[in-house]
Amino acid sequence: MPKLRRRSGGSTLLLFIFSLSTLNVSTTTTTGTNLHFKEAPQFYNSPSCSSINYSVNVAMTLDIAYLRGSMAAILSVLQHSSCPENIVFHFVASSSAESTHLNLTITKSFPYLHFTIYPIQDVAAVAGLISTSIRSALDCPLNYARNYLADLLPQHLQNVVYLDSDLVLVDDIAELAATPLTGDSVLAAPEYCNANFTTYFTPTFWSNPSLSLTFANRNRRPCYFNTGVMVIDLEKWRAGDYTTKIVEWMELQKRMRIYELGSLPPFLLVFAGNIAPVDHSWNQHGLGGDNFHGLCRDLHPGPVSLLHWSGKGKPWARLDANRPCPLDGLWSPYDLLQTPYTIES
């Protein structure tokens, strides 16, 4: 397994990537409900955890299409945690029927895992709010589950770390979970203020005299942030009724097209410029390329705590097609799929 810590030198990381990119990996895979996964090793708390009396709560979505990615993400979280036995997973699924199969799959690979699966109660209602986007995979109701975490998860939970399924951690999630959400901040995420913020909304939005004032508050400097890695204060979310605020923007989108990119823009409209900062190392995003071609991309400059294959290209699909990108080799050690494989130098 690769040991990519934030404190590791960049030259070591690049050397490891090069060595993996020279391998020819061929695999045989299965799809849908026929996926079979190996049992993951059990990880134990370090001695220092005896003085820690709190849990790290992690929320993720879970479905058949991205199950292979989810399994790798879970393994990476546990492997790099100092206190893995203190981690509690909260999975959101699209239906009760699917939850049964997913529950069995997770239990077989992680028999020691603390987790609960929460089915979305009214998938049809969520689907009815979704407008078509630039990529069909973004139009799945489960992609909008992050909007409803405060309603789905237990009311006693305060903070939760939300993670997408197409990522792996190479650092201790407790550091991310400890991000302070002070003042009015409801969520924390890495911000990217060099991105062209105007491109996330249509000319219809910017030409509307009322809508264009959304970000006009002088105390609000809106920046792009990726919603695949967030720390969320659920108590503040509920108190501010932020689910309703997001849904209102989705309803407006059904009447007049003000954005193109799935579930991200409503979050930007509600939160951009008002979030707590997180170091960029916690979301080395975009490794899946853009939303059209999914071409290979390099790491952003700086340290790495989390690798995120956001975009069209997913590492498991490219590895199966025998067309991996160099960085996909950093995902494969966490792949629990049970299938015959050969590695030829």
# chains A, B, ... in the order shown; residues from 1 in each chain; ligands from 1

$ select_by_dssp --residues "region 24-241 of chain A" --states "strand (DSSP E)" --output "number ranges by chain"
A: 24-27, 56-61, 87-93, 114-119, 159-163, 167-169, 187-189, 191-192, 224-225, 229-233

$ residues_around --residues "Ser305 (chain A)" --least-positions-apart "6" --cutoff "12 Å" --atoms "only C-alpha atoms" --output "MDAnalysis selection string"
chainID A and resid 3:8 76:77 80:81 167:176 229 278:285 299

$ residues_around --residues "Leu336 (chain A)" --least-positions-apart "6" --cutoff "8 Å" --atoms "only C-alpha atoms" --output "list in words"
Phe37, Lys38, Glu39, Ala40, Arg68, Met71 and Ala72 of chain A

$ decode --residues "region 214-225 of chain A" --atoms "C-alpha atoms" --output "short mmCIF file (atom, residue, chain, number, x, y, z; two decimals), in the first residue's frame"
data_model
loop_
_atom_site.label_atom_id
_atom_site.label_comp_id
_atom_site.auth_asym_id
_atom_site.auth_seq_id
_atom_site.Cartn_x
_atom_site.Cartn_y
_atom_site.Cartn_z
CA THR A 214 -26.92 37.03 -4.94
CA PHE A 215 -23.20 37.47 -4.33
CA ALA A 216 -23.24 41.26 -4.01
CA ASN A 217 -22.80 41.34 -0.21
CA ARG A 218 -19.50 43.15 0.41
CA ASN A 219 -18.72 40.74 3.26
CA ARG A 220 -19.06 37.76 0.96
CA ARG A 221 -16.27 36.80 -1.41
CA PRO A 222 -17.65 33.82 -3.35
CA CYS A 223 -15.16 31.15 -4.38
CA TYR A 224 -15.55 27.74 -5.96
CA PHE A 225 -15.43 24.74 -3.64
#
